[in-house]
>>> print(open('upload-v3.cif').read())   # mmCIF, C-alpha atoms
data_coords
#
loop_
_atom_site.group_PDB
_atom_site.id
_atom_site.type_symbol
_atom_site.label_atom_id
_atom_site.label_comp_id
_atom_site.auth_asym_id
_atom_site.auth_seq_id
_atom_site.Cartn_x
_atom_site.Cartn_y
_atom_site.Cartn_z
ATOM 1 C CA MET G 1 0.000 0.000 0.000
ATOM 2 C CA ILE G 2 2.787 2.439 0.996
ATOM 3 C CA SER G 3 4.685 1.655 -2.204
ATOM 4 C CA ARG G 4 1.556 2.401 -4.260
ATOM 5 C CA ASP G 5 1.048 5.703 -2.407
ATOM 6 C CA LYS G 6 4.623 6.752 -3.140
ATOM 7 C CA LYS G 7 4.212 5.790 -6.774
ATOM 8 C CA GLY G 8 1.014 7.810 -6.993
ATOM 9 C CA MET G 9 2.698 10.870 -5.482
ATOM 10 C CA ALA G 10 5.619 10.525 -7.878
ATOM 11 C CA VAL G 11 3.333 10.284 -10.887
ATOM 12 C CA LEU G 12 1.370 13.300 -9.646
ATOM 13 C CA MET G 13 4.583 15.312 -9.252
ATOM 14 C CA ASP G 14 5.748 14.289 -12.750
ATOM 15 C CA ALA G 15 2.357 15.258 -14.161
ATOM 16 C CA MET G 16 2.471 18.663 -12.476
ATOM 17 C CA LEU G 17 5.953 19.327 -13.863
ATOM 18 C CA PHE G 18 4.727 18.278 -17.295
ATOM 19 C CA LEU G 19 1.752 20.640 -17.047
ATOM 20 C CA VAL G 20 3.970 23.550 -15.994
ATOM 21 C CA VAL G 21 6.260 22.968 -18.984
ATOM 22 C CA LEU G 22 3.217 22.653 -21.252
ATOM 23 C CA SER G 23 1.769 25.930 -19.949
ATOM 24 C CA VAL G 24 5.050 27.794 -20.513
ATOM 25 C CA LEU G 25 5.319 26.359 -24.017
ATOM 26 C CA SER G 26 1.721 27.355 -24.806
ATOM 27 C CA ALA G 27 2.414 30.901 -23.621
ATOM 28 C CA PHE G 28 5.488 31.146 -25.856
ATOM 29 C CA LEU G 29 3.585 29.763 -28.815
ATOM 30 C CA LEU G 30 0.790 32.280 -28.402
ATOM 31 C CA MET G 31 3.020 35.333 -27.861
ATOM 32 C CA PRO G 32 3.830 35.873 -31.579
ATOM 33 C CA GLY G 33 0.154 36.769 -32.077
ATOM 34 C CA ASN G 34 0.905 40.295 -30.830
ATOM 35 C CA ASP G 35 3.774 40.666 -33.295
ATOM 36 C CA VAL G 36 1.487 39.651 -36.161
ATOM 37 C CA SER G 37 -1.102 42.203 -35.054
ATOM 38 C CA SER G 38 1.419 45.068 -34.828
ATOM 39 C CA GLU G 39 2.956 44.052 -38.141
ATOM 40 C CA ARG G 40 -0.508 44.202 -39.697
ATOM 41 C CA THR G 41 -1.166 47.694 -38.279
ATOM 42 C CA ASN G 42 2.248 48.891 -39.508
ATOM 43 C CA GLU G 43 1.351 47.545 -42.938
ATOM 44 C CA THR G 44 -2.024 49.317 -42.762
ATOM 45 C CA ALA G 45 -0.288 52.641 -42.009
ATOM 46 C CA ARG G 46 2.222 52.117 -44.822
ATOM 47 C CA THR G 47 -0.262 51.087 -47.517
ATOM 48 C CA PHE G 48 -2.904 53.695 -46.678
ATOM 49 C CA HIS G 49 -0.239 56.413 -46.594
ATOM 50 C CA SER G 50 1.190 55.298 -49.950
ATOM 51 C CA VAL G 51 -2.216 55.342 -51.628
ATOM 52 C CA MET G 52 -3.145 58.669 -50.036
ATOM 53 C CA LEU G 53 0.048 60.347 -51.294
ATOM 54 C CA ALA G 54 -0.254 58.832 -54.774
ATOM 55 C CA GLY G 55 -3.920 59.792 -55.180
ATOM 56 C CA GLU G 56 -4.882 62.974 -56.985
ATOM 57 C CA ILE G 57 -5.873 66.013 -54.980
ATOM 58 C CA PRO G 58 -9.568 66.990 -55.078
ATOM 59 C CA TYR G 59 -9.235 69.979 -57.370
ATOM 60 C CA ASN G 60 -11.346 69.769 -60.493
ATOM 61 C CA ASP G 61 -10.897 72.930 -62.520
ATOM 62 C CA GLY G 62 -9.529 71.097 -65.556
ATOM 63 C CA SER G 63 -6.040 72.547 -65.127
ATOM 64 C CA ALA G 64 -2.842 70.532 -64.739
ATOM 65 C CA LEU G 65 -3.267 70.920 -61.000
ATOM 66 C CA SER G 66 -6.390 68.778 -61.117
ATOM 67 C CA GLN G 67 -4.281 65.768 -62.058
ATOM 68 C CA THR G 68 -1.579 66.325 -59.473
ATOM 69 C CA SER G 69 -0.975 63.722 -56.820
ATOM 70 C CA LEU G 70 -0.915 64.814 -53.197
ATOM 71 C CA GLU G 71 2.774 63.939 -53.076
ATOM 72 C CA MET G 72 3.600 66.264 -55.977
ATOM 73 C CA TYR G 73 1.372 68.971 -54.536
ATOM 74 C CA LEU G 74 3.203 68.818 -51.207
ATOM 75 C CA ILE G 75 6.534 69.161 -52.979
ATOM 76 C CA MET G 76 5.165 72.136 -54.920
ATOM 77 C CA ILE G 77 3.962 73.970 -51.839
ATOM 78 C CA SER G 78 7.169 73.257 -49.965
ATOM 79 C CA GLN G 79 9.053 75.253 -52.611
ATOM 80 C CA ASP G 80 7.049 78.293 -51.632
ATOM 81 C CA ALA G 81 8.693 79.868 -48.606
ATOM 82 C CA SER G 82 5.442 81.295 -47.236
ATOM 83 C CA PHE G 83 3.106 79.436 -44.912
ATOM 84 C CA PRO G 84 0.419 77.481 -46.845
ATOM 85 C CA SER G 85 -2.711 79.523 -47.464
ATOM 86 C CA SER G 86 -6.123 78.471 -46.156
ATOM 87 C CA PHE G 87 -7.018 77.468 -49.732
ATOM 88 C CA THR G 88 -3.966 75.190 -49.899
ATOM 89 C CA LEU G 89 -4.785 73.705 -46.514
ATOM 90 C CA GLU G 90 -8.338 73.070 -47.686
ATOM 91 C CA ILE G 91 -7.083 71.124 -50.710
ATOM 92 C CA ILE G 92 -4.669 69.091 -48.579
ATOM 93 C CA GLY G 93 -7.386 68.455 -46.001
ATOM 94 C CA GLY G 94 -9.709 67.208 -48.728
ATOM 95 C CA ALA G 95 -7.079 64.718 -49.855
ATOM 96 C CA VAL G 96 -6.233 63.557 -46.345
ATOM 97 C CA ASN G 97 -9.519 63.479 -44.456
ATOM 98 C CA ASP G 98 -11.069 60.657 -46.507
ATOM 99 C CA THR G 99 -8.164 58.390 -45.603
ATOM 100 C CA LEU G 100 -8.418 59.330 -41.924
ATOM 101 C CA LEU G 101 -12.166 58.631 -42.054
ATOM 102 C CA GLU G 102 -11.570 55.251 -43.707
ATOM 103 C CA ILE G 103 -9.127 54.224 -40.969
ATOM 104 C CA LYS G 104 -11.545 55.494 -38.323
ATOM 105 C CA ASN G 105 -14.288 53.340 -39.857
ATOM 106 C CA MET G 106 -11.966 50.362 -39.400
ATOM 107 C CA GLY G 107 -12.083 50.987 -35.641
ATOM 108 C CA MET G 108 -8.735 52.780 -35.294
ATOM 109 C CA LYS G 109 -7.711 56.367 -34.636
ATOM 110 C CA ALA G 110 -5.517 58.157 -37.146
ATOM 111 C CA TRP G 111 -3.998 61.559 -37.777
ATOM 112 C CA TRP G 112 -1.578 63.023 -40.266
ATOM 113 C CA VAL G 113 1.191 65.536 -39.656
ATOM 114 C CA LEU G 114 2.781 67.652 -42.378
ATOM 115 C CA THR G 115 5.988 69.443 -41.468
ATOM 116 C CA VAL G 116 6.614 72.338 -43.791
ATOM 117 C CA GLY G 117 8.842 75.338 -43.156
ATOM 118 C CA GLY G 118 9.714 73.956 -39.734
ATOM 119 C CA GLU G 119 6.100 74.039 -38.649
ATOM 120 C CA ASP G 120 3.781 71.084 -37.976
ATOM 121 C CA LEU G 121 0.334 71.075 -39.551
ATOM 122 C CA ILE G 122 -1.885 68.441 -37.978
ATOM 123 C CA PHE G 123 -4.880 66.892 -39.747
ATOM 124 C CA GLY G 124 -7.214 64.797 -37.617
ATOM 125 C CA THR G 125 -7.102 64.542 -33.860
ATOM 126 C CA PRO G 126 -3.912 63.210 -32.273
ATOM 127 C CA TYR G 127 -4.516 60.571 -29.645
ATOM 128 C CA GLY G 128 -2.091 60.573 -26.788
ATOM 129 C CA ASP G 129 -3.431 59.058 -23.589
ATOM 130 C CA GLY G 130 -0.918 56.214 -23.820
ATOM 131 C CA SER G 131 -3.409 53.369 -23.651
ATOM 132 C CA LEU G 132 -3.061 52.440 -27.317
ATOM 133 C CA SER G 133 -0.030 51.482 -29.382
ATOM 134 C CA LEU G 134 1.031 54.012 -32.013
ATOM 135 C CA TYR G 135 2.187 53.067 -35.513
ATOM 136 C CA THR G 136 3.709 55.802 -37.672
ATOM 137 C CA ASP G 137 4.621 55.818 -41.327
ATOM 138 C CA LEU G 138 7.025 58.686 -41.960
ATOM 139 C CA ARG G 139 7.853 59.957 -45.441
ATOM 140 C CA THR G 140 10.408 62.486 -46.530
ATOM 141 C CA LEU G 141 9.663 64.059 -49.889
ATOM 142 C CA SER G 142 12.405 66.099 -51.430
ATOM 143 C CA THR G 143 13.315 67.778 -54.672
ATOM 144 C CA GLU G 144 15.933 70.358 -55.582
ATOM 145 C CA GLY G 145 17.009 70.965 -52.022
ATOM 146 C CA THR G 146 13.498 71.329 -50.649
ATOM 147 C CA VAL G 147 12.407 68.808 -48.054
ATOM 148 C CA VAL G 148 8.929 68.166 -46.708
ATOM 149 C CA THR G 149 8.081 65.441 -44.252
ATOM 150 C CA CYS G 150 4.732 63.921 -43.439
ATOM 151 C CA SER G 151 3.632 61.119 -41.181
ATOM 152 C CA LEU G 152 0.502 59.055 -40.821
ATOM 153 C CA THR G 153 -0.004 57.712 -37.309
ATOM 154 C CA ILE G 154 -2.494 55.019 -36.338
ATOM 155 C CA ALA G 155 -3.455 54.359 -32.723
ATOM 156 C CA ASP G 156 -4.686 50.806 -32.202
ATOM 157 C CA MET Y 1 -10.807 3.711 -2.402
ATOM 158 C CA GLY Y 2 -10.171 1.570 0.657
ATOM 159 C CA ASN Y 3 -8.423 -1.215 -1.286
ATOM 160 C CA GLU Y 4 -6.514 1.048 -3.624
ATOM 161 C CA GLY Y 5 -5.211 3.439 -0.966
ATOM 162 C CA VAL Y 6 -4.126 7.048 -1.394
ATOM 163 C CA GLY Y 7 -2.203 6.180 -4.596
ATOM 164 C CA GLY Y 8 -5.347 5.190 -6.420
ATOM 165 C CA PHE Y 9 -7.088 8.320 -5.267
ATOM 166 C CA LEU Y 10 -4.190 10.447 -6.528
ATOM 167 C CA GLU Y 11 -4.221 8.642 -9.860
ATOM 168 C CA SER Y 12 -7.897 9.428 -10.332
ATOM 169 C CA ILE Y 13 -7.221 13.099 -9.484
ATOM 170 C CA LEU Y 14 -4.391 12.995 -11.978
ATOM 171 C CA GLY Y 15 -6.734 11.695 -14.675
ATOM 172 C CA VAL Y 16 -9.187 14.530 -14.051
ATOM 173 C CA MET Y 17 -6.349 17.092 -14.098
ATOM 174 C CA VAL Y 18 -5.077 15.830 -17.434
ATOM 175 C CA VAL Y 19 -8.551 16.095 -18.973
ATOM 176 C CA ILE Y 20 -9.068 19.619 -17.603
ATOM 177 C CA THR Y 21 -5.622 20.754 -18.763
ATOM 178 C CA ALA Y 22 -6.020 19.284 -22.232
ATOM 179 C CA SER Y 23 -9.384 20.979 -22.681
ATOM 180 C CA SER Y 24 -7.971 24.289 -21.345
ATOM 181 C CA VAL Y 25 -5.033 24.196 -23.765
ATOM 182 C CA PHE Y 26 -7.405 23.381 -26.617
ATOM 183 C CA LEU Y 27 -9.718 26.272 -25.715
ATOM 184 C CA VAL Y 28 -6.786 28.714 -25.479
ATOM 185 C CA MET Y 29 -5.501 27.611 -28.882
ATOM 186 C CA LEU Y 30 -8.994 27.904 -30.308
ATOM 187 C CA SER Y 31 -9.413 31.464 -29.023
ATOM 188 C CA ALA Y 32 -5.955 32.386 -30.336
ATOM 189 C CA GLY Y 33 -6.844 31.186 -33.804
ATOM 190 C CA SER Y 34 -4.326 28.319 -33.898
ATOM 191 C CA VAL Y 35 -7.110 25.806 -34.427
ATOM 192 C CA HIS Y 36 -10.118 26.317 -36.675
ATOM 193 C CA LEU Y 37 -13.248 24.322 -36.066
ATOM 194 C CA ILE Y 38 -14.853 25.993 -39.078
ATOM 195 C CA ASP Y 39 -13.812 24.550 -42.370
ATOM 196 C CA ASP Y 40 -11.543 27.456 -43.330
ATOM 197 C CA GLN Y 41 -9.810 26.027 -46.328
ATOM 198 C CA ILE Y 42 -9.544 29.285 -48.252
ATOM 199 C CA ASP Y 43 -5.928 30.251 -48.754
ATOM 200 C CA ARG Y 44 -6.013 34.058 -48.640
ATOM 201 C CA SER Y 45 -2.605 34.625 -50.199
ATOM 202 C CA GLU Y 46 -3.434 32.263 -53.063
ATOM 203 C CA LEU Y 47 -6.722 34.068 -53.659
ATOM 204 C CA LEU Y 48 -5.114 37.524 -53.576
ATOM 205 C CA ASP Y 49 -2.334 36.399 -55.927
ATOM 206 C CA SER Y 50 -4.988 35.161 -58.334
ATOM 207 C CA LEU Y 51 -6.900 38.459 -58.121
ATOM 208 C CA LYS Y 52 -3.661 40.444 -58.621
ATOM 209 C CA MET Y 53 -2.877 38.451 -61.749
ATOM 210 C CA GLN Y 54 -6.312 39.339 -63.102
ATOM 211 C CA GLU Y 55 -5.724 43.022 -62.214
ATOM 212 C CA LEU Y 56 -8.637 42.997 -59.801
ATOM 213 C CA TRP Y 57 -6.557 43.573 -56.645
ATOM 214 C CA PRO Y 58 -3.814 46.199 -56.090
ATOM 215 C CA LYS Y 59 -0.270 45.032 -56.635
ATOM 216 C CA ASP Y 60 2.501 47.351 -55.383
ATOM 217 C CA ASP Y 61 1.755 50.820 -56.793
ATOM 218 C CA GLN Y 62 -0.405 49.566 -59.636
ATOM 219 C CA VAL Y 63 -3.499 51.612 -60.472
ATOM 220 C CA LEU Y 64 -6.678 49.563 -60.869
ATOM 221 C CA ASP Y 65 -8.564 50.546 -64.015
ATOM 222 C CA MET Y 66 -12.270 50.703 -63.179
ATOM 223 C CA GLY Y 67 -13.145 50.652 -66.888
ATOM 224 C CA TYR Y 68 -11.296 47.368 -67.363
ATOM 225 C CA ILE Y 69 -12.832 45.824 -64.249
ATOM 226 C CA GLN Y 70 -16.326 47.006 -65.184
ATOM 227 C CA ALA Y 71 -16.010 45.172 -68.494
ATOM 228 C CA LYS Y 72 -15.239 41.917 -66.732
ATOM 229 C CA SER Y 73 -17.866 39.367 -65.862
ATOM 230 C CA ALA Y 74 -17.956 37.552 -62.543
ATOM 231 C CA ASP Y 75 -18.070 34.254 -64.411
ATOM 232 C CA GLU Y 76 -14.753 35.079 -66.118
ATOM 233 C CA MET Y 77 -12.915 35.270 -62.822
ATOM 234 C CA LEU Y 78 -10.392 32.520 -62.201
ATOM 235 C CA LEU Y 79 -10.632 31.332 -58.609
ATOM 236 C CA PRO Y 80 -8.199 29.063 -56.793
ATOM 237 C CA GLU Y 81 -9.249 25.608 -55.683
ATOM 238 C CA GLY Y 82 -11.459 25.626 -52.590
ATOM 239 C CA VAL Y 83 -12.967 29.045 -53.351
ATOM 240 C CA HIS Y 84 -16.642 28.755 -54.251
ATOM 241 C CA GLY Y 85 -17.385 32.388 -54.894
ATOM 242 C CA VAL Y 86 -16.105 35.951 -54.627
ATOM 243 C CA LEU Y 87 -17.651 39.374 -54.202
ATOM 244 C CA LEU Y 88 -15.398 42.364 -54.965
ATOM 245 C CA THR Y 89 -16.414 45.872 -53.973
ATOM 246 C CA TYR Y 90 -14.622 49.027 -55.129
ATOM 247 C CA ARG Y 91 -15.274 52.441 -53.586
ATOM 248 C CA LEU Y 92 -13.505 55.743 -52.998
ATOM 249 C CA MET Y 93 -11.657 56.250 -49.732
ATOM 250 C CA GLY Y 94 -13.985 57.176 -46.884
ATOM 251 C CA ALA Y 95 -17.106 56.850 -49.067
ATOM 252 C CA ASN Y 96 -20.053 54.597 -48.348
ATOM 253 C CA ASP Y 97 -21.256 54.427 -51.935
ATOM 254 C CA THR Y 98 -19.623 51.777 -54.080
ATOM 255 C CA LEU Y 99 -18.126 52.543 -57.482
ATOM 256 C CA LEU Y 100 -18.325 48.981 -58.694
ATOM 257 C CA ILE Y 101 -19.405 45.548 -57.481
ATOM 258 C CA LEU Y 102 -18.146 42.410 -59.167
ATOM 259 C CA GLY Y 103 -19.330 38.934 -58.244
ATOM 260 C CA HIS Y 104 -22.272 37.397 -56.452
ATOM 261 C CA GLN Y 105 -23.683 37.986 -52.989
ATOM 262 C CA PRO Y 106 -22.411 35.347 -50.530
ATOM 263 C CA PRO Y 107 -24.928 32.655 -49.579
ATOM 264 C CA SER Y 108 -26.250 32.954 -46.047
ATOM 265 C CA ASP Y 109 -25.329 29.391 -45.112
ATOM 266 C CA ARG Y 110 -21.614 29.801 -45.884
ATOM 267 C CA ASP Y 111 -18.745 31.167 -43.807
ATOM 268 C CA VAL Y 112 -17.369 34.262 -45.487
ATOM 269 C CA VAL Y 113 -13.748 35.436 -45.315
ATOM 270 C CA ALA Y 114 -13.264 39.165 -45.931
ATOM 271 C CA GLN Y 115 -10.217 41.279 -46.724
ATOM 272 C CA ARG Y 116 -9.732 44.990 -47.436
ATOM 273 C CA SER Y 117 -6.941 46.958 -49.070
ATOM 274 C CA PRO Y 118 -6.358 50.584 -50.065
ATOM 275 C CA ALA Y 119 -5.905 51.004 -53.803
ATOM 276 C CA LEU Y 120 -5.411 53.638 -56.440
ATOM 277 C CA LEU Y 121 -8.464 53.557 -58.685
ATOM 278 C CA MET Y 122 -8.483 54.987 -62.198
ATOM 279 C CA VAL Y 123 -11.895 56.650 -62.519
ATOM 280 C CA ALA Y 124 -12.699 58.740 -65.602
ATOM 281 C CA GLY Y 125 -9.035 59.434 -66.216
ATOM 282 C CA HIS Y 126 -8.295 60.372 -62.613
ATOM 283 C CA SER Y 127 -6.155 58.332 -60.270
ATOM 284 C CA LEU Y 128 -8.039 58.451 -56.975
ATOM 285 C CA SER Y 129 -7.400 56.865 -53.603
ATOM 286 C CA GLY Y 130 -9.919 54.139 -52.890
ATOM 287 C CA VAL Y 131 -10.553 50.851 -51.181
ATOM 288 C CA VAL Y 132 -11.187 47.389 -52.522
ATOM 289 C CA GLU Y 133 -12.869 44.718 -50.419
ATOM 290 C CA VAL Y 134 -13.197 41.043 -51.160
ATOM 291 C CA GLN Y 135 -15.618 38.593 -49.602
ATOM 292 C CA THR Y 136 -15.022 34.967 -50.394
ATOM 293 C CA TRP Y 137 -16.573 31.674 -49.433
#
>>> encode(input="upload-v3.cif", output="structure tokens")
Amino acid sequence: MISRDKKGMAVLMDAMLFLVVLSVLSAFLLMPGNDVSSERTNETARTFHSVMLAGEIPYNDGSALSQTSLEMYLIMISQDASFPSSFTLEIIGGAVNDTLLEIKNMGMKAWWVLTVGGEDLIFGTPYGDGSLSLYTDLRTLSTEGTVVTCSLTIAD
Amino acid sequence: MGNEGVGGFLESILGVMVVITASSVFLVMLSAGSVHLIDDQIDRSELLDSLKMQELWPKDDQVLDMGYIQAKSADEMLLPEGVHGVLLTYRLMGANDTLLILGHQPPSDRDVVAQRSPALLMVAGHSLSGVVEVQTW
């Protein structure tokens, strides 16, 4: 009887050790799920930003400007030393806000920052309470010595 | 228990613990998406590659020509093995109204896999930012 009790205790101890190892292994196996999720959000920021910059600005007067991509438009305005006019900001906002709305409809928060002439112009509402992870796609557009940077940030 | 002693009792507890642990691990894996009870045999990457080849899905910086897609018929679409049907929806970024729908509505008794991607859409000679969504079953 005593021998059987000892055997039972030994088997129980072995089983508990096995379960602990199994639990640790399961935890390690499931951890990459977070990496996949953040990789996906990074990809979302990158692809949406690319398409937004390559899309034409909403300006339909039939001139050459009406077929200008946002990226080219940003380079054009950066060559002008003065601060962008309200009309220019309206055109940029029209090209940016649809993308921000699309990302918002996907259940995420997004905003876009254009740095021109050393000043930041923010489109959308920045989210900064620290409870969500931030994913930023930063682009530097340059031509003939002029540099303009813009970043799309997604909070998820 | 009298004849088997404490060892037998411990062995029976052990059996119960193993069952509980196995079911817990299975449930955790299920919730993490490692195991699929639903028959999810659709290979997304294979489907998207097929759609890219047919110029129905954005590939790198390629612009999708709405005129070309509009001329296509849903029956012409080449679908990978295991895919029974596809519904493609094209719309401008942030808009609710669709520009173009290609395919058939998914049947209510099927599990549908959906995917979305931003895309440059060529509409009336203008390259506009848009979104393409695919539902497949």
>>> resolve_selection(input="upload-v3.cif", expression="the PyMOL selection byres ((chain G and resi 60-65) around 12)", output="PyMOL selection string")
(chain G and resi 56-59+66-70+72-74+76+88+91) or (chain Y and resi 125-126)
>>> closest_residue(input="upload-v3.cif", among="Y:Ala95, Y:Leu102, Y:Met66, Y:Val83", to="chain G", atoms="all atoms listed in the file")
Y:Ala95
>>> resolve_selection(input="upload-v3.cif", expression="the PyMOL selection byres ((chain Y) within 6 of (chain G))", output="PyMOL selection string")
chain Y and resi 6-7+10+93-94+118+127-129
>>> residues_around(input="upload-v3.cif", residues="Ala74 in chain Y", least_positions_apart="6", cutoff="12 Å", atoms="all atoms listed in the file", output="PDB file with C-alpha atoms, keeping the file's coordinate frame")
ATOM      1  CA  LEU Y  51      -6.900  38.459 -58.121  1.00  0.00           C
ATOM      2  CA  GLN Y  54      -6.312  39.339 -63.102  1.00  0.00           C
ATOM      3  CA  LEU Y  56      -8.637  42.997 -59.801  1.00  0.00           C
ATOM      4  CA  GLY Y  85     -17.385  32.388 -54.894  1.00  0.00           C
ATOM      5  CA  VAL Y  86     -16.105  35.951 -54.627  1.00  0.00           C
ATOM      6  CA  LEU Y  87     -17.651  39.374 -54.202  1.00  0.00           C
ATOM      7  CA  LEU Y  88     -15.398  42.364 -54.965  1.00  0.00           C
ATOM      8  CA  ILE Y 101     -19.405  45.548 -57.481  1.00  0.00           C
ATOM      9  CA  LEU Y 102     -18.146  42.410 -59.167  1.00  0.00           C
ATOM     10  CA  GLY Y 103     -19.330  38.934 -58.244  1.00  0.00           C
ATOM     11  CA  HIS Y 104     -22.272  37.397 -56.452  1.00  0.00           C
ATOM     12  CA  GLN Y 105     -23.683  37.986 -52.989  1.00  0.00           C
TER      13      GLN Y 105
END
>>> atom_distance(input="upload-v3.cif", atom1="CA of Gln115 in chain Y", atom2="CA of Thr136 in chain Y")
8.7 Å
>>> atom_distance(input="upload-v3.cif", atom1="CA of Met77 in chain Y", atom2="CA of Thr89 in chain Y")
14.2 Å
>>> resolve_selection(input="upload-v3.cif", expression="the PyMOL selection byres ((chain G and resi 42) around 12)", output="list in words")
Asp35, Val36, Ser37, Ser38, Glu39, Arg40, Thr41, Glu43, Thr44, Ala45, Arg46, Thr47, Phe48, His49, Ser133, Leu134, Tyr135, Thr136, Asp137, Leu138, Leu152, Thr153, Ile154, Ala155 and Asp156 of chain G
>>> closest_residue(input="upload-v3.cif", among="Y:Asp109, Y:Asp65, Y:Ser50, Y:Glu133", to="Tyr90 in chain Y", atoms="only C-alpha atoms")
Y:Glu133
>>> atom_distance(input="upload-v3.cif", atom1="CA of Gly130 in chain G", atom2="CA of Trp112 in chain G")
17.8 Å
>>> axis_aligned_box(input="upload-v3.cif", around="range 57-76 of chain Y", padding_each_side="8 Å", output="JSON")
{"center_x": -7.8, "center_y": 42.9, "center_z": -61.9, "size_x": 36.6, "size_y": 33.4, "size_z": 29.1}
